[in-house]
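Okay, target_13.txt is below, compact mmCIF, C-alpha atoms:
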```txt
# COMPACT_ATOMS: atom_id res chain seq x y z
CA MET A 1 92.96 9.59 92.63
CA PRO A 2 92.15 12.25 90.07
CA VAL A 3 88.81 14.02 90.28
CA ALA A 4 86.50 13.45 87.27
CA ALA A 5 86.92 16.03 84.50
CA ASP A 6 84.47 18.84 83.82
CA ALA A 7 82.16 17.69 81.02
CA ASN A 8 81.50 21.29 79.94
CA GLU A 9 80.45 21.50 76.29
CA LYS A 10 82.71 24.41 75.36
CA PHE A 11 85.74 22.51 76.66
CA SER A 12 84.92 19.38 74.67
CA ALA A 13 86.08 21.09 71.47
CA TYR A 14 89.58 21.62 72.87
CA ALA A 15 92.36 19.10 72.34
CA HIS A 16 92.65 18.41 76.08
CA PRO A 17 89.35 19.42 77.69
CA GLU A 18 90.40 17.84 80.98
CA ARG A 19 92.85 20.73 81.48
CA LEU A 20 90.06 23.22 82.20
CA VAL A 21 87.31 23.46 84.77
CA SER A 22 84.48 25.97 84.90
CA THR A 23 83.55 28.07 87.90
CA GLU A 24 80.34 26.00 88.22
CA TRP A 25 82.33 22.78 88.29
CA LEU A 26 84.70 24.14 90.90
CA ALA A 27 81.89 25.42 93.11
CA GLU A 28 80.32 21.95 93.04
CA ASN A 29 83.56 20.09 93.64
CA LEU A 30 85.10 22.26 96.36
CA GLY A 31 86.11 20.05 99.24
CA ALA A 32 86.34 16.89 97.13
CA ASP A 33 88.98 14.39 98.15
CA SER A 34 92.21 14.73 96.19
CA LEU A 35 91.30 18.19 94.88
CA VAL A 36 93.56 21.08 95.81
CA VAL A 37 92.78 24.59 94.61
CA VAL A 38 95.76 26.89 94.16
CA GLU A 39 95.66 30.66 93.65
CA SER A 40 98.61 32.25 91.88
CA ASP A 41 98.61 35.99 91.22
CA GLU A 42 100.93 38.73 90.20
CA ASP A 43 100.28 40.60 93.45
CA ILE A 44 101.61 38.68 96.44
CA LEU A 45 98.84 40.04 98.71
CA LEU A 46 95.84 39.49 96.46
CA TYR A 47 95.08 35.99 97.79
CA ASP A 48 95.15 37.40 101.31
CA THR A 49 92.43 39.94 100.50
CA GLY A 50 90.03 37.06 99.82
CA HIS A 51 90.26 33.74 97.99
CA ILE A 52 88.22 30.71 97.04
CA PRO A 53 87.44 28.81 100.27
CA GLY A 54 90.02 26.11 100.93
CA SER A 55 92.49 27.34 98.31
CA VAL A 56 96.20 27.73 99.00
CA LYS A 57 98.50 30.42 97.62
CA VAL A 58 101.54 29.71 95.49
CA ASP A 59 103.62 32.81 94.86
CA TRP A 60 105.59 32.74 91.61
CA HIS A 61 108.33 35.05 92.81
CA THR A 62 109.11 33.74 96.30
CA GLU A 63 108.10 30.10 95.85
CA LEU A 64 108.56 28.96 92.25
CA ASN A 65 111.65 30.96 91.34
CA ASP A 66 115.03 30.09 92.74
CA GLU A 67 116.10 32.85 95.06
CA VAL A 68 119.63 33.21 93.73
CA THR A 69 119.97 31.77 90.24
CA ARG A 70 117.58 32.95 87.55
CA ASP A 71 115.85 29.59 87.37
CA TYR A 72 113.05 27.62 88.96
CA VAL A 73 113.33 25.72 92.19
CA ASP A 74 114.84 22.24 91.92
CA GLY A 75 113.19 18.89 92.58
CA ALA A 76 113.84 19.01 96.31
CA GLY A 77 112.58 22.60 96.50
CA PHE A 78 109.40 21.76 94.62
CA ALA A 79 108.79 18.66 96.75
CA ALA A 80 109.19 20.74 99.91
CA LEU A 81 106.82 23.39 98.57
CA MET A 82 104.15 20.87 97.56
CA SER A 83 104.47 19.02 100.86
CA ALA A 84 104.07 22.24 102.82
CA LYS A 85 100.97 23.18 100.79
CA GLY A 86 99.46 19.75 101.43
CA ILE A 87 99.61 18.68 97.79
CA SER A 88 100.26 15.03 96.94
CA ARG A 89 101.69 13.78 93.68
CA ASP A 90 98.41 12.24 92.55
CA ASP A 91 96.18 15.12 93.63
CA THR A 92 94.10 17.05 91.11
CA VAL A 93 95.34 20.63 91.23
CA VAL A 94 93.14 23.43 89.92
CA ILE A 95 94.98 26.74 89.56
CA TYR A 96 93.36 30.13 89.19
CA GLY A 97 94.57 33.70 89.36
CA ASP A 98 94.22 37.31 88.32
CA LYS A 99 94.62 38.87 84.88
CA SER A 100 92.92 36.13 82.85
CA ASN A 101 95.01 33.46 84.59
CA TRP A 102 98.25 34.90 83.35
CA TRP A 103 100.20 33.90 86.48
CA ALA A 104 98.07 30.83 87.02
CA ALA A 105 99.16 29.56 83.62
CA TYR A 106 102.75 30.27 84.59
CA ALA A 107 102.36 28.22 87.76
CA LEU A 108 100.70 25.43 85.77
CA TRP A 109 103.64 25.43 83.37
CA VAL A 110 106.09 25.12 86.28
CA PHE A 111 104.03 22.27 87.79
CA THR A 112 104.29 20.61 84.39
CA LEU A 113 108.09 20.95 84.39
CA PHE A 114 107.99 18.68 87.42
CA GLY A 115 105.58 16.32 85.72
CA HIS A 116 102.69 16.88 88.10
CA GLU A 117 100.15 15.04 86.04
CA ASP A 118 96.72 16.36 86.86
CA VAL A 119 96.93 20.12 86.86
CA ARG A 120 94.10 22.25 85.46
CA LEU A 121 93.13 25.90 85.08
CA LEU A 122 89.91 27.51 86.24
CA ASP A 123 88.49 29.04 83.05
CA GLY A 124 88.07 32.77 83.66
CA GLY A 125 90.19 32.69 86.80
CA ARG A 126 89.74 34.88 89.83
CA ASP A 127 87.86 37.66 88.03
CA LYS A 128 85.11 35.38 86.76
CA TRP A 129 84.66 33.77 90.18
CA ILE A 130 84.25 37.23 91.70
CA ALA A 131 82.04 38.53 88.87
CA GLU A 132 79.68 35.67 89.59
CA ASP A 133 79.51 36.70 93.22
CA ARG A 134 80.85 33.41 94.44
CA GLU A 135 82.16 32.94 97.93
CA LEU A 136 85.52 34.37 98.98
CA THR A 137 87.18 34.09 102.35
CA ARG A 138 90.22 35.44 104.10
CA GLU A 139 90.48 32.29 106.15
CA LYS A 140 93.57 30.27 105.31
CA PRO A 141 93.01 26.53 105.20
CA GLU A 142 94.96 24.34 107.55
CA ARG A 143 96.12 21.57 105.31
CA THR A 144 97.97 18.55 106.57
CA ALA A 145 101.48 18.41 105.16
CA ALA A 146 101.78 15.90 102.33
CA ASP A 147 104.65 13.66 101.36
CA TYR A 148 105.53 14.81 97.85
CA PRO A 149 108.33 12.86 96.14
CA VAL A 150 111.46 14.57 94.87
CA VAL A 151 111.10 14.60 91.10
CA GLU A 152 113.72 16.44 89.09
CA ARG A 153 112.53 19.09 86.68
CA ASP A 154 112.47 18.09 83.03
CA ASP A 155 113.39 21.20 81.04
CA SER A 156 113.81 19.33 77.76
CA VAL A 157 110.21 19.18 76.59
CA ILE A 158 108.32 22.40 77.32
CA ARG A 159 111.11 24.82 78.17
CA ALA A 160 113.52 26.49 75.75
CA TYR A 161 116.85 28.06 76.70
CA LYS A 162 118.45 30.81 74.66
CA ASP A 163 120.66 28.34 72.76
CA ASP A 164 117.61 26.25 71.93
CA VAL A 165 116.00 29.33 70.44
CA LEU A 166 119.11 30.13 68.41
CA ALA A 167 119.04 26.58 67.06
CA HIS A 168 115.33 26.91 66.37
CA LEU A 169 115.74 30.05 64.25
CA GLY A 170 114.85 29.27 60.67
CA ASN A 171 113.63 25.79 61.62
CA GLY A 172 110.29 26.52 63.20
CA PRO A 173 107.86 29.24 64.12
CA LEU A 174 108.15 31.59 67.08
CA ILE A 175 105.29 33.45 68.71
CA ASP A 176 105.98 36.76 70.43
CA VAL A 177 103.14 37.33 72.88
CA ARG A 178 104.09 40.83 74.04
CA SER A 179 102.29 44.05 73.14
CA PRO A 180 102.72 45.44 69.60
CA GLU A 181 104.88 48.28 71.00
CA GLU A 182 107.27 45.83 72.64
CA TYR A 183 107.36 43.72 69.46
CA SER A 184 108.28 46.63 67.23
CA GLY A 185 110.92 47.85 69.65
CA GLU A 186 109.15 51.11 70.37
CA ARG A 187 109.34 50.13 74.02
CA THR A 188 111.04 47.41 76.04
CA HIS A 189 108.42 47.00 78.72
CA MET A 190 104.68 46.55 79.00
CA PRO A 191 102.45 49.57 78.56
CA ALA A 192 101.86 51.07 82.02
CA TYR A 193 104.65 48.97 83.50
CA PRO A 194 108.00 50.32 84.57
CA GLU A 195 111.05 50.18 82.36
CA GLU A 196 112.35 46.63 82.49
CA GLY A 197 115.90 47.31 81.56
CA ALA A 198 116.34 45.52 78.23
CA LEU A 199 119.10 47.19 76.26
CA ARG A 200 117.52 46.58 72.87
CA GLY A 201 113.93 46.85 71.72
CA GLY A 202 112.49 44.60 69.04
CA HIS A 203 111.78 40.90 68.58
CA ILE A 204 113.44 37.59 67.75
CA PRO A 205 113.78 37.31 63.96
CA SER A 206 110.85 35.55 62.24
CA ALA A 207 108.60 35.64 65.34
CA ALA A 208 104.92 36.29 64.69
CA SER A 209 103.22 38.82 66.93
CA VAL A 210 100.19 37.48 68.81
CA PRO A 211 99.65 39.38 72.08
CA TRP A 212 98.74 36.78 74.71
CA ALA A 213 95.44 38.35 75.75
CA ARG A 214 93.97 37.75 72.31
CA ALA A 215 93.33 34.18 73.48
CA ALA A 216 91.03 35.46 76.21
CA GLU A 217 87.51 36.83 76.14
CA GLU A 218 86.51 39.97 78.03
CA ASP A 219 85.54 37.88 81.05
CA GLY A 220 88.94 36.20 81.15
CA THR A 221 87.77 32.83 79.82
CA PHE A 222 89.55 31.25 76.88
CA LYS A 223 88.08 31.86 73.45
CA GLN A 224 86.33 28.98 71.73
CA ARG A 225 88.48 26.63 69.75
CA ASP A 226 87.50 27.94 66.30
CA ALA A 227 88.34 31.52 67.31
CA LEU A 228 91.73 30.37 68.67
CA GLU A 229 92.41 28.49 65.44
CA GLY A 230 91.60 31.63 63.47
CA ILE A 231 94.25 33.51 65.42
CA TYR A 232 97.07 30.99 65.70
CA LEU A 233 96.60 28.86 62.56
CA GLY A 234 95.07 31.57 60.41
CA GLU A 235 96.75 34.86 61.27
CA ALA A 236 99.99 33.63 62.81
CA GLY A 237 100.36 30.87 60.23
CA LEU A 238 101.08 27.94 62.53
CA ALA A 239 100.48 24.52 61.00
CA PRO A 240 99.45 21.40 62.91
CA GLY A 241 102.56 19.50 63.95
CA ASP A 242 104.76 22.60 64.13
CA ASP A 243 107.46 22.79 66.74
CA VAL A 244 106.65 26.19 68.33
CA VAL A 245 108.53 28.45 70.72
CA ALA A 246 106.63 31.18 72.60
CA TYR A 247 108.22 34.01 74.53
CA CYS A 248 107.43 37.32 76.18
CA ARG A 249 109.36 39.33 78.77
CA ILE A 250 110.14 36.82 81.53
CA GLY A 251 108.03 33.87 80.42
CA GLU A 252 104.81 34.54 82.32
CA ARG A 253 102.57 35.83 79.55
CA SER A 254 103.95 33.21 77.16
CA SER A 255 102.93 30.47 79.60
CA HIS A 256 99.36 31.51 78.89
CA THR A 257 99.99 31.10 75.14
CA TRP A 258 101.85 27.84 75.78
CA PHE A 259 98.72 26.55 77.56
CA VAL A 260 96.54 27.56 74.61
CA LEU A 261 98.76 25.92 72.00
CA GLU A 262 99.54 22.78 74.01
CA HIS A 263 96.28 22.00 75.77
CA LEU A 264 93.56 23.78 73.83
CA LEU A 265 94.84 23.45 70.26
CA GLY A 266 96.80 20.23 70.74
CA PHE A 267 100.25 21.18 69.46
CA GLU A 268 102.60 18.50 70.76
CA ASN A 269 105.88 20.38 70.65
CA VAL A 270 105.49 23.77 72.27
CA ARG A 271 108.24 25.29 74.34
CA ASN A 272 108.14 28.39 76.49
CA TYR A 273 111.33 30.46 76.31
CA ASP A 274 111.29 31.87 79.85
CA GLY A 275 114.52 33.84 79.38
CA SER A 276 112.40 35.80 76.92
CA TRP A 277 113.09 39.42 76.07
CA THR A 278 114.84 40.28 79.33
CA GLU A 279 117.51 37.78 78.27
CA TRP A 280 117.40 38.07 74.48
CA GLY A 281 117.17 41.88 74.46
CA ASN A 282 120.29 42.07 76.61
CA ALA A 283 122.33 39.20 75.18
CA VAL A 284 125.49 39.95 73.23
CA ARG A 285 125.49 39.09 69.50
CA VAL A 286 122.06 37.59 69.11
CA PRO A 287 120.09 38.83 66.12
CA ILE A 288 117.01 40.96 66.60
CA VAL A 289 114.54 42.64 64.29
CA LYS A 290 112.97 46.04 64.81
CA GLY A 291 109.65 47.15 63.43
CA THR A 292 106.32 45.50 62.79
CA GLU A 293 107.47 42.83 60.29
CA PRO A 294 108.68 39.42 61.55
CA GLY A 295 111.87 39.60 59.48
CA GLU A 296 114.09 36.76 58.29
CA ALA A 297 115.82 34.23 60.50
CA PRO A 298 119.52 34.72 59.82
CA GLY A 299 121.20 31.40 59.01
CA ALA A 300 124.43 32.70 60.46
CA ALA A 301 122.91 33.06 63.90
CA LYS A 302 123.19 29.36 64.61
CA ALA A 303 126.88 29.09 63.76
CA GLY A 304 127.88 32.48 65.06
CA ALA A 305 126.56 32.39 68.57
CA MET B 306 112.47 60.98 108.33
CA PRO B 307 109.26 62.15 110.06
CA ALA B 308 108.72 60.31 113.34
CA GLU B 309 105.45 58.68 112.17
CA LEU B 310 107.12 57.21 109.12
CA ALA B 311 110.23 56.14 111.04
CA GLU B 312 107.99 54.32 113.46
CA ILE B 313 106.25 52.44 110.66
CA VAL B 314 109.63 51.45 109.21
CA ASP B 315 110.68 50.19 112.64
CA ASP B 316 107.44 48.26 113.03
CA PHE B 317 108.04 46.44 109.76
CA ASN B 318 111.60 45.61 110.61
CA ALA B 319 110.68 44.13 113.97
CA LEU B 320 108.62 41.44 112.21
CA THR B 321 109.27 38.26 110.24
CA GLU B 322 108.77 38.49 106.50
CA ALA B 323 105.39 36.74 106.63
CA GLU B 324 104.24 39.15 109.34
CA ARG B 325 105.48 42.11 107.31
CA LEU B 326 103.24 41.02 104.46
CA GLU B 327 100.32 40.78 106.89
CA LEU B 328 101.08 44.25 108.16
CA LEU B 329 101.21 45.54 104.58
CA LEU B 330 97.78 43.97 104.04
CA GLU B 331 96.49 45.82 107.12
CA PHE B 332 97.80 49.05 105.68
CA SER B 333 96.17 48.18 102.38
CA ASP B 334 92.82 47.66 104.10
CA ALA B 335 93.22 50.96 105.94
CA LEU B 336 93.97 53.21 102.95
CA PRO B 337 91.65 56.18 103.47
CA GLU B 338 88.92 56.83 100.92
CA LEU B 339 89.44 59.87 98.74
CA PRO B 340 87.77 63.03 100.05
CA GLU B 341 84.66 63.87 98.04
CA ARG B 342 86.25 66.77 96.18
CA PHE B 343 88.65 64.27 94.56
CA ALA B 344 86.38 61.27 94.40
CA ASP B 345 84.07 63.24 92.11
CA HIS B 346 86.95 64.66 90.08
CA PRO B 347 89.35 61.90 89.10
CA GLU B 348 91.01 64.29 86.62
CA LEU B 349 92.57 66.09 89.58
CA LEU B 350 94.63 63.00 90.36
CA GLU B 351 97.73 61.94 88.52
CA GLN B 352 98.56 58.36 87.60
CA VAL B 353 101.90 56.92 88.70
CA VAL B 354 102.64 55.02 85.51
CA GLU B 355 105.60 53.19 87.03
CA CYS B 356 103.27 51.23 89.28
CA GLN B 357 102.18 47.90 87.86
CA THR B 358 98.61 48.49 88.87
CA PRO B 359 96.66 51.72 88.61
CA LEU B 360 97.61 54.16 91.33
CA PHE B 361 96.44 57.74 91.33
CA LEU B 362 97.67 60.38 93.70
CA THR B 363 97.62 64.05 94.31
CA VAL B 364 99.17 66.41 96.83
CA GLU B 365 97.95 69.69 98.30
CA VAL B 366 100.52 72.06 99.74
CA GLU B 367 99.31 74.83 102.03
CA GLU B 368 100.21 78.37 101.03
CA SER B 369 101.57 79.44 104.40
CA GLU B 370 104.55 78.08 106.35
CA PRO B 371 105.31 75.37 107.24
CA ARG B 372 103.74 74.42 103.91
CA THR B 373 101.86 71.44 105.28
CA VAL B 374 101.19 68.70 102.71
CA GLY B 375 98.01 66.72 102.21
CA LEU B 376 98.45 63.39 100.39
CA TYR B 377 95.60 61.57 98.63
CA PHE B 378 95.75 58.17 96.96
CA SER B 379 93.43 55.96 95.00
CA ALA B 380 94.12 52.34 94.01
CA PRO B 381 91.70 49.48 93.38
CA PRO B 382 91.19 46.66 95.90
CA GLU B 383 92.70 44.18 93.43
CA ALA B 384 96.04 45.97 93.87
CA PRO B 385 96.65 45.36 97.58
CA THR B 386 100.44 45.71 97.48
CA THR B 387 100.21 49.08 95.78
CA ARG B 388 97.46 50.14 98.18
CA GLY B 389 99.59 49.00 101.11
CA PHE B 390 102.54 51.17 100.12
CA ALA B 391 100.27 54.13 99.43
CA SER B 392 98.74 53.68 102.84
CA VAL B 393 102.17 53.58 104.53
CA LEU B 394 103.03 56.88 102.86
CA ALA B 395 99.64 58.37 103.74
CA GLU B 396 99.92 57.44 107.39
CA GLY B 397 103.60 58.33 107.66
CA LEU B 398 103.63 61.57 105.70
CA ASN B 399 100.18 63.09 105.43
CA GLY B 400 99.97 66.44 107.20
CA ARG B 401 103.76 66.86 107.50
CA PRO B 402 105.62 69.99 106.37
CA ALA B 403 106.90 69.91 102.78
CA ALA B 404 110.55 70.11 103.84
CA GLU B 405 110.24 66.98 105.98
CA ILE B 406 108.74 64.96 103.17
CA LEU B 407 111.38 66.15 100.72
CA ALA B 408 114.03 64.93 103.16
CA VAL B 409 112.72 61.34 103.22
CA PRO B 410 115.39 59.08 101.66
CA ASP B 411 114.44 58.12 98.10
CA ASP B 412 114.98 54.45 98.88
CA MET B 413 112.63 54.49 101.89
CA PRO B 414 110.38 51.76 100.38
CA ASN B 415 113.40 49.42 100.37
CA GLN B 416 113.78 49.92 104.11
CA LEU B 417 110.54 48.08 104.93
CA GLY B 418 112.24 44.70 104.68
CA LEU B 419 110.13 43.52 101.76
CA THR B 420 112.69 43.44 98.97
CA ARG B 421 112.92 39.65 99.01
CA ALA B 422 109.17 39.01 99.00
CA ILE B 423 108.21 41.71 96.55
CA THR B 424 109.63 41.75 93.02
CA PRO B 425 112.21 44.38 92.07
CA LEU B 426 109.85 45.64 89.39
CA ARG B 427 107.15 46.37 91.94
CA MET B 428 109.62 47.83 94.43
CA ARG B 429 110.63 50.28 91.74
CA GLY B 430 107.00 51.26 91.35
CA MET B 431 106.89 52.03 95.07
CA THR B 432 110.02 54.16 94.87
CA ALA B 433 108.44 55.96 91.92
CA MET B 434 105.39 56.70 94.07
CA LEU B 435 107.54 58.55 96.61
CA GLY B 436 109.45 60.27 93.80
CA ARG B 437 106.21 61.49 92.28
CA ILE B 438 105.06 62.92 95.60
CA LYS B 439 108.31 64.82 95.99
CA ARG B 440 108.16 66.11 92.45
CA LYS B 441 104.64 67.40 92.92
CA ILE B 442 105.62 69.09 96.18
CA ASN B 443 108.55 70.77 94.47
CA GLU B 444 106.26 71.95 91.69
CA ALA B 445 103.83 73.38 94.22
CA LEU B 446 106.62 75.13 96.13
CA ALA B 447 107.98 76.66 92.92
CA ALA B 448 104.57 77.89 91.74
```

Could you spell out this file's structure in structure tokens?
Amino acid sequence: MPVAADANEKFSAYAHPERLVSTEWLAENLGADSLVVVESDEDILLYDTGHIPGSVKVDWHTELNDEVTRDYVDGAGFAALMSAKGISRDDTVVIYGDKSNWWAAYALWVFTLFGHEDVRLLDGGRDKWIAEDRELTREKPERTAADYPVVERDDSVIRAYKDDVLAHLGNGPLIDVRSPEEYSGERTHMPAYPEEGALRGGHIPSAASVPWARAAEEDGTFKQRDALEGIYLGEAGLAPGDDVVAYCRIGERSSHTWFVLEHLLGFENVRNYDGSWTEWGNAVRVPIVKGTEPGEAPGAAKAGA
Amino acid sequence: MPAELAEIVDDFNALTEAERLELLLEFSDALPELPERFADHPELLEQVVECQTPLFLTVEVEESEPRTVGLYFSAPPEAPTTRGFASVLAEGLNGRPAAEILAVPDDMPNQLGLTRAITPLRMRGMTAMLGRIKRKINEALAA
């Protein structure tokens, strides 16, 4: 049974307010039946240094990614993971993490690929919980294993492959959520991050540049709906009803933007291109654009590739 | 490889992967505080930009033989993996002669048995940390 949504006033302006919970709501609901709190961070040890009491860790690299193929785990793998974490199919899952929920949003997106229905983000994530001096523990919960059904991943709705993006060129907007330096091609990796190994720097033709963190306030919470509309509808030029593809470097930062467009602004056709720049910037014979302008989508790209 | 560091590498390899991560967390918790002369002067430390999270380090090489090296690290608590690696290097290499540290294999971080659990990107940051230490020692020896 799902846990009642957070009736927070800020959330009520969003398209799907039930996808967010506040730190206050979570503090009050900790321990509720059918509520499982999941922490998902970039750093595999961060949860172990202290986490929200009762929460379980899901590691994006060792648990959500397939170990061999560059892909996500399959239905059986996800079912085994959920069962081991004590998560049932009809549980309410609240995910939080570091860096304004960057990896938490990625985990939420993967849960969504498997159609886990009630999955929400903690607005402000780990940093806000800590800033408010709320309880942390190093104690790992002992959860009873659950019986999660094997549900195959559905990649057709919210995930884009490279060929989907090629077909999308010229037919719909793209949002590049990386830093301005990555967008222009000045660099192929995040500022202060090591060289990622993309052979070309630049962006996918016609993509608008909206660095992912612009959707977040200083404290890591999502901006109010009108501010988000100013950025994505105003500056980036998206129109309601658009079929949008978001991408970044490996699909983690763009999951954050996917969450904003899909759940906060209510776009119904948003796909995350998880191959992102580490695929596109290395692929043979795909068009790219250098510099700060979006550039034109080449019509030939569709036929030629 | 200096005996202290070799022993740490052996300790890691004797464990399961989950236990290795726990051990890395213990190292992270045990990273020594910066001595006051550095704590008050962050400009004396150099950032390892290849690390995904802020890591600052500096080395002091004694003037006389055997050119003993002091290693000092600073990384925030929200970067436990980075802190853990720094702490392994501090415990394994601090106070050793320069020549011994320079002889540590460049891929030492990969020998801890964590390359499956920890992303390649982050492993590269750890290798860069060791590389930076060696570079700074070489600079000090040449000065």

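In this comparison, which uses all atoms listed in the file, the residue of B:Ala448, B:Ala384, B:Leu407, B:Ile442 approaching chain A most closely is B:Ala384.
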
Select all residues from chain B having any atom no more than 9 Å from an atom of chain A (counting all atoms listed in the file, ignoring ligands), output as a list in words.
Leu326, Glu327, Leu329, Leu330, Asp334, Val353, Val354, Glu355, Cys356, Gln357, Thr358, Pro359, Pro382, Glu383, Ala384, Pro385, Thr386, Thr387, Arg421, Ala422, Ile423, Thr424, Leu426, Arg427, Arg429 and Gly430 of chain B

Residues from last step as file, C-alpha atoms, as a short mmCIF file (atom, residue, chain, number, x, y, z; two decimals), keeping the file's coordinate frame:
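Saved the output as selection-v3.cif:
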```cif
data_model
loop_
_atom_site.label_atom_id
_atom_site.label_comp_id
_atom_site.auth_asym_id
_atom_site.auth_seq_id
_atom_site.Cartn_x
_atom_site.Cartn_y
_atom_site.Cartn_z
CA LEU B 326 103.24 41.02 104.46
CA GLU B 327 100.32 40.78 106.89
CA LEU B 329 101.21 45.54 104.58
CA LEU B 330 97.78 43.97 104.04
CA ASP B 334 92.82 47.66 104.10
CA VAL B 353 101.90 56.92 88.70
CA VAL B 354 102.64 55.02 85.51
CA GLU B 355 105.60 53.19 87.03
CA CYS B 356 103.27 51.23 89.28
CA GLN B 357 102.18 47.90 87.86
CA THR B 358 98.61 48.49 88.87
CA PRO B 359 96.66 51.72 88.61
CA PRO B 382 91.19 46.66 95.90
CA GLU B 383 92.70 44.18 93.43
CA ALA B 384 96.04 45.97 93.87
CA PRO B 385 96.65 45.36 97.58
CA THR B 386 100.44 45.71 97.48
CA THR B 387 100.21 49.08 95.78
CA ARG B 421 112.92 39.65 99.01
CA ALA B 422 109.17 39.01 99.00
CA ILE B 423 108.21 41.71 96.55
CA THR B 424 109.63 41.75 93.02
CA LEU B 426 109.85 45.64 89.39
CA ARG B 427 107.15 46.37 91.94
CA ARG B 429 110.63 50.28 91.74
CA GLY B 430 107.00 51.26 91.35
#
```

Can you pull out the residues contacting Asn399 in chain B? Cut-off 10 Å, using all atoms listed in the file, and skip same-chain residues under 2 positions away; I want them as a short mmCIF file (atom, residue, chain, number, x, y, z; two decimals) with C-alpha atoms, in the coordinates of the input.
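Contents of selection32.cif, freshly written:
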```cif
data_model
loop_
_atom_site.label_atom_id
_atom_site.label_comp_id
_atom_site.auth_asym_id
_atom_site.auth_seq_id
_atom_site.Cartn_x
_atom_site.Cartn_y
_atom_site.Cartn_z
CA GLU B 309 105.45 58.68 112.17
CA LEU B 310 107.12 57.21 109.12
CA VAL B 364 99.17 66.41 96.83
CA GLU B 365 97.95 69.69 98.30
CA THR B 373 101.86 71.44 105.28
CA VAL B 374 101.19 68.70 102.71
CA GLY B 375 98.01 66.72 102.21
CA LEU B 376 98.45 63.39 100.39
CA TYR B 377 95.60 61.57 98.63
CA SER B 392 98.74 53.68 102.84
CA VAL B 393 102.17 53.58 104.53
CA LEU B 394 103.03 56.88 102.86
CA ALA B 395 99.64 58.37 103.74
CA GLU B 396 99.92 57.44 107.39
CA GLY B 397 103.60 58.33 107.66
CA ARG B 401 103.76 66.86 107.50
CA PRO B 402 105.62 69.99 106.37
CA ALA B 403 106.90 69.91 102.78
CA ILE B 406 108.74 64.96 103.17
#
```

As AutoDock Vina command-line options: centre and edge lengths in Å, one decimal, of the axis-aligned box holding range 335-344 of chain B with 4 Å per side:
```
--center_x 89.3 --center_y 58.9 --center_z 100.2 --size_x 17.3 --size_y 23.8 --size_z 19.5
```

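When CA of Tyr273 in chain A is paired with CA of Ile204 in chain A, their separation reads 11.3 Å.
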
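Here CA of Phe78 in chain A stands at a distance of 11.2 Å from CA of Val58 in chain A.
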
Which residue, B:Pro381, B:Ala447, B:Met434, B:Glu405, has the smallest gap to Ala311 in chain B when you use all atoms listed in the file?
B:Glu405

One decimal, in Å: what's the spacing between CA of Leu169 in chain A and CA of Asp154 in chain A?
22.5 Å

Find the residues near Ala32 in chain A: any atom within 10 Å, counting only C-alpha atoms, skip ones fewer than 5 places away on the same chain, and give them as an MDAnalysis selection string.
chainID A and resid 3 26 92

How would the residues just chosen look if you wrote them out with C-alpha atoms as a PDB file, in the frame of the given file?
```
ATOM      1  CA  VAL A   3      88.810  14.020  90.280  1.00  0.00           C
ATOM      2  CA  LEU A  26      84.700  24.140  90.900  1.00  0.00           C
ATOM      3  CA  THR A  92      94.100  17.050  91.110  1.00  0.00           C
TER       4      THR A  92
END
```

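For the set A:Gly172, A:Gly241, A:Pro149, A:Gly54, the residue with the smallest atom-to-atom gap to Gly77 in chain A is A:Pro149, counting all atoms listed in the file.
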
Using only C-alpha atoms, which of the listed residues (A:Pro298, A:Pro205, A:Gly86, A:Gly75) sits closest to Phe114 in chain A?
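Nearest candidate to Phe114 in chain A out of A:Pro298, A:Pro205, A:Gly86, A:Gly75: A:Gly75.
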
Under the rule that all atoms listed in the file are counted, which of B:Glu348, B:Phe343, B:Ser379, B:Ala408 is the nearest residue to Phe361 in chain B?
B:Ser379

Which residues, written as a ChimeraX atom specification, have at least one atom at most 7 Å from range 209-225 of chain A, with all atoms listed in the file counted and residues fewer than 3 positions away on the same chain left out?
/A:10,13-14,100,123-125,128,175-179,183,228-229,253-254,256-257

Which one of A:Pro180, A:Pro53, A:Gly234, A:Pro173 sits closest to Arg138 in chain A if you count only C-alpha atoms?
A:Pro53

Write out as a list in words which residues come within 12 Å of Gly31 in chain A when counting all atoms listed in the file, dropping same-chain ones fewer than 2 positions away.
Val3, Trp25, Leu26, Ala27, Glu28, Asn29, Asp33, Ser34, Leu35, Val36, Val37, Ile52, Pro53, Gly54, Ser55, Thr92, Pro141 and Arg143 of chain A
